[in-house]
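> So that we are looking at the same thing, I have put the structure below in structure tokens.
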Amino acid sequence: MKHIQILFLVSPVLLSLLVIGLFPVVNADEKQTSATLMAKHYYSGFPDAHDTYNAISAGSDGKIYYVLSSNKHDVGGKFYVYDPATDQTKFIADLSEAVGEKGCIAQGKSHVEFYEYNGKLYFATHVGFYEIINGAECLPVNAPASYKLYTGGHFVSYDMKIGKIESLALAPHGEGILTMAMDRQRGHLYGITWPKGYLVHYDLNTKQLKDLGLVNEQGEGGVIGKDYRVICRSMVVDPRDGTVYYSTAEGDIFLYRPEMSAPEKLADVDLRIDYFGSYDYTGAGSMAYNWRKIFWYEPENVAYGVHGNSGYLFRFDPKAKTIEIVERITSEPSRKSGMFDQFSYGYLGFMLGKNDTIYYLTGGPIYKDGKRVKGLDSVAMGMARGKENLHLVTYNIPKKEYKDLGAIFYADGDFPTYVNTIAQDKVGNIYALARFLRNGKVVADLVKIPLP
């Protein structure tokens with residue numbers, strides 16, 4: 001591989017051709033693309049790092065903050081920061097230790113982005129260790145020997161100047177915090193817990209936590225085919241009035257404001273759109289009619305979201321009560337083949353980045369001997385139906401311009417997998433948390449994707 005690294009210094013195009021020739025795993029469609037992107041992976045020092053969702057963001061200090069997850073009962077998730085100026089990662093804290101817990105099932109994950117407000121980053125913790133009950137991953141009801149049950153997820157703040165972590169509030173009912181949004185104009189945190197799905201509201205001004213009840217039947221703690229409902233993974237706040245919006249498996253959109261006693265369903269608009277597909281919302285294995293990821297776009301005073309499985313970008317105007325299909329922003333090979341994402345929930349690597357441009361890390365089909373490699377028809381939970389390449393897709397909102405910037409590969413010819421995170425630094429480089437092989441073992445860690 002030393003020869004390939006030397007050639008890369010001379011000619012990135014030549015390197016791409018060599019990689020395609022040497023590594024047959026590369027999709028045949030990628031041979032026809034004008035560019036491929038080369039990713040660099042980092043090892044932060046956590047050998048047990050497991051797949052992470054959402055938990056990476058850029059700070060105003062130019063650094064990239066992220067959490068690596070653990071699926072062990074006695075190992076907490078690890079909080080890190082990467083400095084693009086030094087090209088170094090630094091350990092900040094163990095999540096369980098940071099919130100002062102010992103002897104309990106660990107705070108193994110953060111499943112949310114970081115929200116910056118008055119010099120602090122706000123985020124939440126989640127459980128990473130599960131008990132298998134009736135073939136499903138469940139919140140443990142039997143603690144491992146000498147350990148106590150999981151206490152519940154925490155809303156957490158991190159002071160970026162002095163490095164202090166503070167637990168602000170504990171989620172009710174012993175559940176982890178799966179989904180989070182923040183009203184950064186008024187200082188309010190919102191979360192949805194897992195597995196049953198309680199909506200919670202924490203007011204930074206009064207330091208009070210409200211439990212607003214279940215968002216949708218029994219959530220992912222329900223019985224499949226009856227009261228099971230997959231939980232929304234992304235909420236959005238309208239900064240004009242502080243209203244927070246979330247979706248349900250049935251495709252309804254709910255809203256809540258601090259002065260309300262309970263959330264309300266938004267009338268006359270829903271996500272039951274033919275282009276998204278048809279779903280049994282009592283079943284597992286997809287996000288059903290939920291949006292996958294959503295953000296507020298201030299220039300138009302609307303939200304832009306993506307329906308994960310189908311890959312359709314849509315525009316949500318809460319005042320006009322409209323949903324408008326904008327574009328299918330899957331990879332070019334997926335658009336040509338018409339296939340859904342192989343990751344059954346769709347991808348969370350979706351963000352508004354520089355220059356009013358959406359950046360989306362999504363999949364592309366793999367071909368062998370000229371034929372598309374087909375995955376499983378269905379899966380019982382959110383997981384990959386089959387392997388697919390990783391692409392970086394952009395969509396410039398004002399120009400209405402879609403681009404597939406190409407497939408992403410490591411220097412050894414392999415490609416990042418299980419990517420459900422995204423961040424961007426001040427010069428435009430993209431970051432994610434992805435799987436790769438290290439010393440013969442698959443780990444999940446930081447990946448940097450320099451843009452051409």
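If you're wondering about the labels, chains in the structure tokens are A, B, ... by order shown, residues count from 1 in each chain, ligands from 1 in order shown.
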As a list in words, which residues of region 134-375 of chain A does DSSP assign to alpha helix (DSSP H)?
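Residues meeting the alpha helix (DSSP H) criterion: Glu332, Pro333, Ser334, Arg335, Lys336 and Ser337 of chain A.
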> Leaving out Lys354 (chain A) and any residue of its chain fewer than 6 positions from it, which residues lie within 10 Å of it when counting only C-alpha atoms, given as an mmCIF file with N, CA and C atoms, in the first residue's frame?

```cif
data_model
loop_
_atom_site.group_PDB
_atom_site.id
_atom_site.type_symbol
_atom_site.label_atom_id
_atom_site.label_comp_id
_atom_site.auth_asym_id
_atom_site.auth_seq_id
_atom_site.Cartn_x
_atom_site.Cartn_y
_atom_site.Cartn_z
ATOM 1 N N ASN A 396 -28.201 22.086 -2.903
ATOM 2 C CA ASN A 396 -28.196 23.516 -2.613
ATOM 3 C C ASN A 396 -29.631 24.031 -2.681
ATOM 4 N N GLN A 424 -19.660 19.156 9.979
ATOM 5 C CA GLN A 424 -18.824 19.867 9.015
ATOM 6 C C GLN A 424 -18.002 20.912 9.740
ATOM 7 N N ASP A 425 -16.701 20.999 9.404
ATOM 8 C CA ASP A 425 -15.868 22.004 10.058
ATOM 9 C C ASP A 425 -15.935 23.328 9.283
ATOM 10 N N LYS A 426 -15.184 24.308 9.749
ATOM 11 C CA LYS A 426 -15.296 25.663 9.198
ATOM 12 C C LYS A 426 -14.793 25.788 7.770
ATOM 13 N N VAL A 427 -13.929 24.874 7.341
ATOM 14 C CA VAL A 427 -13.433 24.946 5.960
ATOM 15 C C VAL A 427 -14.199 24.014 5.031
ATOM 16 N N GLY A 428 -15.155 23.259 5.573
ATOM 17 C CA GLY A 428 -16.023 22.455 4.726
ATOM 18 C C GLY A 428 -15.820 20.961 4.776
#
```
> Neighbouring residues of Tyr297 (chain A) were defined as those with any atom within 12 Å, considering only C-alpha atoms; residues of the same chain fewer than 3 positions away were excluded. Please report them as a VMD selection string.
chain A and resid 236 to 240 294 300 to 305 315 to 317 351 to 353 356 to 358 397 to 398
> I need the chosen residues saved as a PDB file, in the first residue's frame, with N, CA and C atoms.

```
ATOM      1  N   VAL A 236     -37.789  19.184  15.549  1.00  0.00           N
ATOM      2  CA  VAL A 236     -37.359  20.482  15.054  1.00  0.00           C
ATOM      3  C   VAL A 236     -38.107  21.579  15.796  1.00  0.00           C
ATOM      4  N   VAL A 237     -37.396  22.661  16.105  1.00  0.00           N
ATOM      5  CA  VAL A 237     -37.984  23.809  16.800  1.00  0.00           C
ATOM      6  C   VAL A 237     -38.117  24.972  15.829  1.00  0.00           C
ATOM      7  N   ASP A 238     -39.307  25.568  15.796  1.00  0.00           N
ATOM      8  CA  ASP A 238     -39.531  26.797  15.048  1.00  0.00           C
ATOM      9  C   ASP A 238     -39.046  27.950  15.935  1.00  0.00           C
ATOM     10  N   PRO A 239     -37.941  28.623  15.568  1.00  0.00           N
ATOM     11  CA  PRO A 239     -37.374  29.646  16.445  1.00  0.00           C
ATOM     12  C   PRO A 239     -38.260  30.876  16.603  1.00  0.00           C
ATOM     13  N   ARG A 240     -39.246  31.034  15.744  1.00  0.00           N
ATOM     14  CA  ARG A 240     -40.113  32.214  15.821  1.00  0.00           C
ATOM     15  C   ARG A 240     -40.976  32.214  17.076  1.00  0.00           C
ATOM     16  N   ILE A 294     -34.625  16.070  10.399  1.00  0.00           N
ATOM     17  CA  ILE A 294     -35.247  17.324  10.009  1.00  0.00           C
ATOM     18  C   ILE A 294     -34.503  18.482  10.657  1.00  0.00           C
ATOM     19  N   GLU A 300     -36.213  30.654   4.748  1.00  0.00           N
ATOM     20  CA  GLU A 300     -37.566  30.431   4.229  1.00  0.00           C
ATOM     21  C   GLU A 300     -38.598  30.238   5.340  1.00  0.00           C
ATOM     22  N   ASN A 301     -38.134  30.211   6.607  1.00  0.00           N
ATOM     23  CA  ASN A 301     -39.012  29.934   7.744  1.00  0.00           C
ATOM     24  C   ASN A 301     -39.804  28.641   7.554  1.00  0.00           C
ATOM     25  N   VAL A 302     -39.081  27.599   7.160  1.00  0.00           N
ATOM     26  CA  VAL A 302     -39.650  26.263   7.000  1.00  0.00           C
ATOM     27  C   VAL A 302     -38.628  25.244   7.506  1.00  0.00           C
ATOM     28  N   ALA A 303     -39.061  24.003   7.587  1.00  0.00           N
ATOM     29  CA  ALA A 303     -38.156  22.909   7.917  1.00  0.00           C
ATOM     30  C   ALA A 303     -37.925  22.053   6.681  1.00  0.00           C
ATOM     31  N   TYR A 304     -36.704  21.536   6.547  1.00  0.00           N
ATOM     32  CA  TYR A 304     -36.398  20.551   5.514  1.00  0.00           C
ATOM     33  C   TYR A 304     -36.097  19.221   6.200  1.00  0.00           C
ATOM     34  N   GLY A 305     -36.696  18.164   5.681  1.00  0.00           N
ATOM     35  CA  GLY A 305     -36.495  16.851   6.270  1.00  0.00           C
ATOM     36  C   GLY A 305     -36.306  15.804   5.198  1.00  0.00           C
ATOM     37  N   ARG A 315     -40.166  19.602   2.188  1.00  0.00           N
ATOM     38  CA  ARG A 315     -40.213  20.938   2.789  1.00  0.00           C
ATOM     39  C   ARG A 315     -41.486  21.030   3.622  1.00  0.00           C
ATOM     40  N   PHE A 316     -41.332  21.286   4.922  1.00  0.00           N
ATOM     41  CA  PHE A 316     -42.464  21.345   5.839  1.00  0.00           C
ATOM     42  C   PHE A 316     -42.668  22.786   6.308  1.00  0.00           C
ATOM     43  N   ASP A 317     -43.829  23.351   5.977  1.00  0.00           N
ATOM     44  CA  ASP A 317     -44.184  24.697   6.407  1.00  0.00           C
ATOM     45  C   ASP A 317     -45.258  24.579   7.488  1.00  0.00           C
ATOM     46  N   MET A 351     -27.685  17.046   7.159  1.00  0.00           N
ATOM     47  CA  MET A 351     -27.508  18.316   7.860  1.00  0.00           C
ATOM     48  C   MET A 351     -27.522  19.486   6.889  1.00  0.00           C
ATOM     49  N   LEU A 352     -27.812  20.674   7.428  1.00  0.00           N
ATOM     50  CA  LEU A 352     -27.623  21.915   6.690  1.00  0.00           C
ATOM     51  C   LEU A 352     -26.207  22.387   6.934  1.00  0.00           C
ATOM     52  N   GLY A 353     -25.430  22.490   5.874  1.00  0.00           N
ATOM     53  CA  GLY A 353     -24.041  22.887   5.999  1.00  0.00           C
ATOM     54  C   GLY A 353     -23.776  24.253   5.399  1.00  0.00           C
ATOM     55  N   ASP A 356     -25.853  27.318   2.403  1.00  0.00           N
ATOM     56  CA  ASP A 356     -27.253  26.896   2.247  1.00  0.00           C
ATOM     57  C   ASP A 356     -27.368  25.552   1.542  1.00  0.00           C
ATOM     58  N   THR A 357     -26.425  24.668   1.821  1.00  0.00           N
ATOM     59  CA  THR A 357     -26.370  23.364   1.164  1.00  0.00           C
ATOM     60  C   THR A 357     -26.628  22.245   2.157  1.00  0.00           C
ATOM     61  N   ILE A 358     -27.483  21.321   1.765  1.00  0.00           N
ATOM     62  CA  ILE A 358     -27.730  20.115   2.550  1.00  0.00           C
ATOM     63  C   ILE A 358     -26.646  19.098   2.212  1.00  0.00           C
ATOM     64  N   ILE A 397     -30.120  24.561  -1.563  1.00  0.00           N
ATOM     65  CA  ILE A 397     -31.526  24.942  -1.477  1.00  0.00           C
ATOM     66  C   ILE A 397     -31.883  26.101  -2.409  1.00  0.00           C
ATOM     67  N   PRO A 398     -31.166  27.237  -2.378  1.00  0.00           N
ATOM     68  CA  PRO A 398     -31.555  28.342  -3.271  1.00  0.00           C
ATOM     69  C   PRO A 398     -31.447  27.997  -4.754  1.00  0.00           C
TER      70      PRO A 398
END
```
> I need the residues in region 244-397 of chain A that are strand (DSSP E) according to DSSP; give them as a ChimeraX atom specification.
/A:244-247,253-256,264-265,293-297,302-307,312-317,322-328,350-352,357-364,367-368,371-372,389-396
> Keeping only C-alpha atoms, write the selected residues to a file as a PDB file, in the first residue's frame.

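Okay, selection24.pdb is ready:
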```pdb
ATOM      1  CA  VAL A 244     -41.266  21.896  18.801  1.00  0.00           C
ATOM      2  CA  TYR A 245     -42.508  19.391  16.204  1.00  0.00           C
ATOM      3  CA  TYR A 246     -42.135  15.601  16.024  1.00  0.00           C
ATOM      4  CA  SER A 247     -43.617  12.869  13.832  1.00  0.00           C
ATOM      5  CA  ILE A 253     -47.117  15.577  13.133  1.00  0.00           C
ATOM      6  CA  PHE A 254     -47.427  16.791  16.713  1.00  0.00           C
ATOM      7  CA  LEU A 255     -46.497  20.142  18.236  1.00  0.00           C
ATOM      8  CA  TYR A 256     -45.774  21.412  21.731  1.00  0.00           C
ATOM      9  CA  GLU A 264     -51.367  18.456  20.035  1.00  0.00           C
ATOM     10  CA  LYS A 265     -51.683  16.904  16.603  1.00  0.00           C
ATOM     11  CA  LYS A 293     -34.078  13.726  10.120  1.00  0.00           C
ATOM     12  CA  ILE A 294     -35.247  17.324  10.009  1.00  0.00           C
ATOM     13  CA  PHE A 295     -33.803  20.825  10.533  1.00  0.00           C
ATOM     14  CA  TRP A 296     -35.037  24.420  10.497  1.00  0.00           C
ATOM     15  CA  TYR A 297     -34.125  26.609   7.502  1.00  0.00           C
ATOM     16  CA  VAL A 302     -39.650  26.263   7.000  1.00  0.00           C
ATOM     17  CA  ALA A 303     -38.156  22.909   7.917  1.00  0.00           C
ATOM     18  CA  TYR A 304     -36.398  20.551   5.514  1.00  0.00           C
ATOM     19  CA  GLY A 305     -36.495  16.851   6.270  1.00  0.00           C
ATOM     20  CA  VAL A 306     -35.765  13.485   4.726  1.00  0.00           C
ATOM     21  CA  HIS A 307     -37.848  10.348   4.809  1.00  0.00           C
ATOM     22  CA  TYR A 312     -37.159  11.862  -0.416  1.00  0.00           C
ATOM     23  CA  LEU A 313     -36.308  15.405   0.660  1.00  0.00           C
ATOM     24  CA  PHE A 314     -39.360  17.408   1.672  1.00  0.00           C
ATOM     25  CA  ARG A 315     -40.213  20.938   2.789  1.00  0.00           C
ATOM     26  CA  PHE A 316     -42.464  21.345   5.839  1.00  0.00           C
ATOM     27  CA  ASP A 317     -44.184  24.697   6.407  1.00  0.00           C
ATOM     28  CA  THR A 322     -48.022  21.907   3.965  1.00  0.00           C
ATOM     29  CA  ILE A 323     -45.573  19.169   3.032  1.00  0.00           C
ATOM     30  CA  GLU A 324     -43.908  19.600  -0.362  1.00  0.00           C
ATOM     31  CA  ILE A 325     -41.751  16.937  -2.020  1.00  0.00           C
ATOM     32  CA  VAL A 326     -38.522  18.599  -3.173  1.00  0.00           C
ATOM     33  CA  GLU A 327     -36.194  15.942  -4.602  1.00  0.00           C
ATOM     34  CA  ARG A 328     -35.049  12.371  -4.134  1.00  0.00           C
ATOM     35  CA  PHE A 350     -28.290  14.688   7.061  1.00  0.00           C
ATOM     36  CA  MET A 351     -27.508  18.316   7.860  1.00  0.00           C
ATOM     37  CA  LEU A 352     -27.623  21.915   6.690  1.00  0.00           C
ATOM     38  CA  THR A 357     -26.370  23.364   1.164  1.00  0.00           C
ATOM     39  CA  ILE A 358     -27.730  20.115   2.550  1.00  0.00           C
ATOM     40  CA  TYR A 359     -25.109  17.398   3.072  1.00  0.00           C
ATOM     41  CA  TYR A 360     -26.324  13.809   3.165  1.00  0.00           C
ATOM     42  CA  LEU A 361     -24.323  10.622   3.753  1.00  0.00           C
ATOM     43  CA  THR A 362     -26.363   7.878   2.153  1.00  0.00           C
ATOM     44  CA  GLY A 363     -25.991   4.497   0.502  1.00  0.00           C
ATOM     45  CA  GLY A 364     -25.401   3.257  -3.016  1.00  0.00           C
ATOM     46  CA  TYR A 367     -22.949  -4.606  -8.105  1.00  0.00           C
ATOM     47  CA  LYS A 368     -21.201  -7.907  -8.748  1.00  0.00           C
ATOM     48  CA  LYS A 371     -25.858  -7.342 -11.263  1.00  0.00           C
ATOM     49  CA  ARG A 372     -27.061  -5.512  -8.198  1.00  0.00           C
ATOM     50  CA  ASN A 389     -21.388   1.826  -0.564  1.00  0.00           C
ATOM     51  CA  LEU A 390     -21.388   5.225   1.121  1.00  0.00           C
ATOM     52  CA  HIS A 391     -21.992   8.366  -0.975  1.00  0.00           C
ATOM     53  CA  LEU A 392     -21.948  12.064  -0.154  1.00  0.00           C
ATOM     54  CA  VAL A 393     -24.909  13.840  -1.728  1.00  0.00           C
ATOM     55  CA  THR A 394     -25.470  17.610  -1.626  1.00  0.00           C
ATOM     56  CA  TYR A 395     -28.508  19.737  -2.373  1.00  0.00           C
ATOM     57  CA  ASN A 396     -28.196  23.516  -2.613  1.00  0.00           C
TER      58      ASN A 396
END
```
> Name the closest residue to Ile165 (chain A) among the candidates A:Gly62, A:Gly213, A:Gly191, A:Gly100; distances are taken between atoms, counting only C-alpha atoms.
A:Gly100
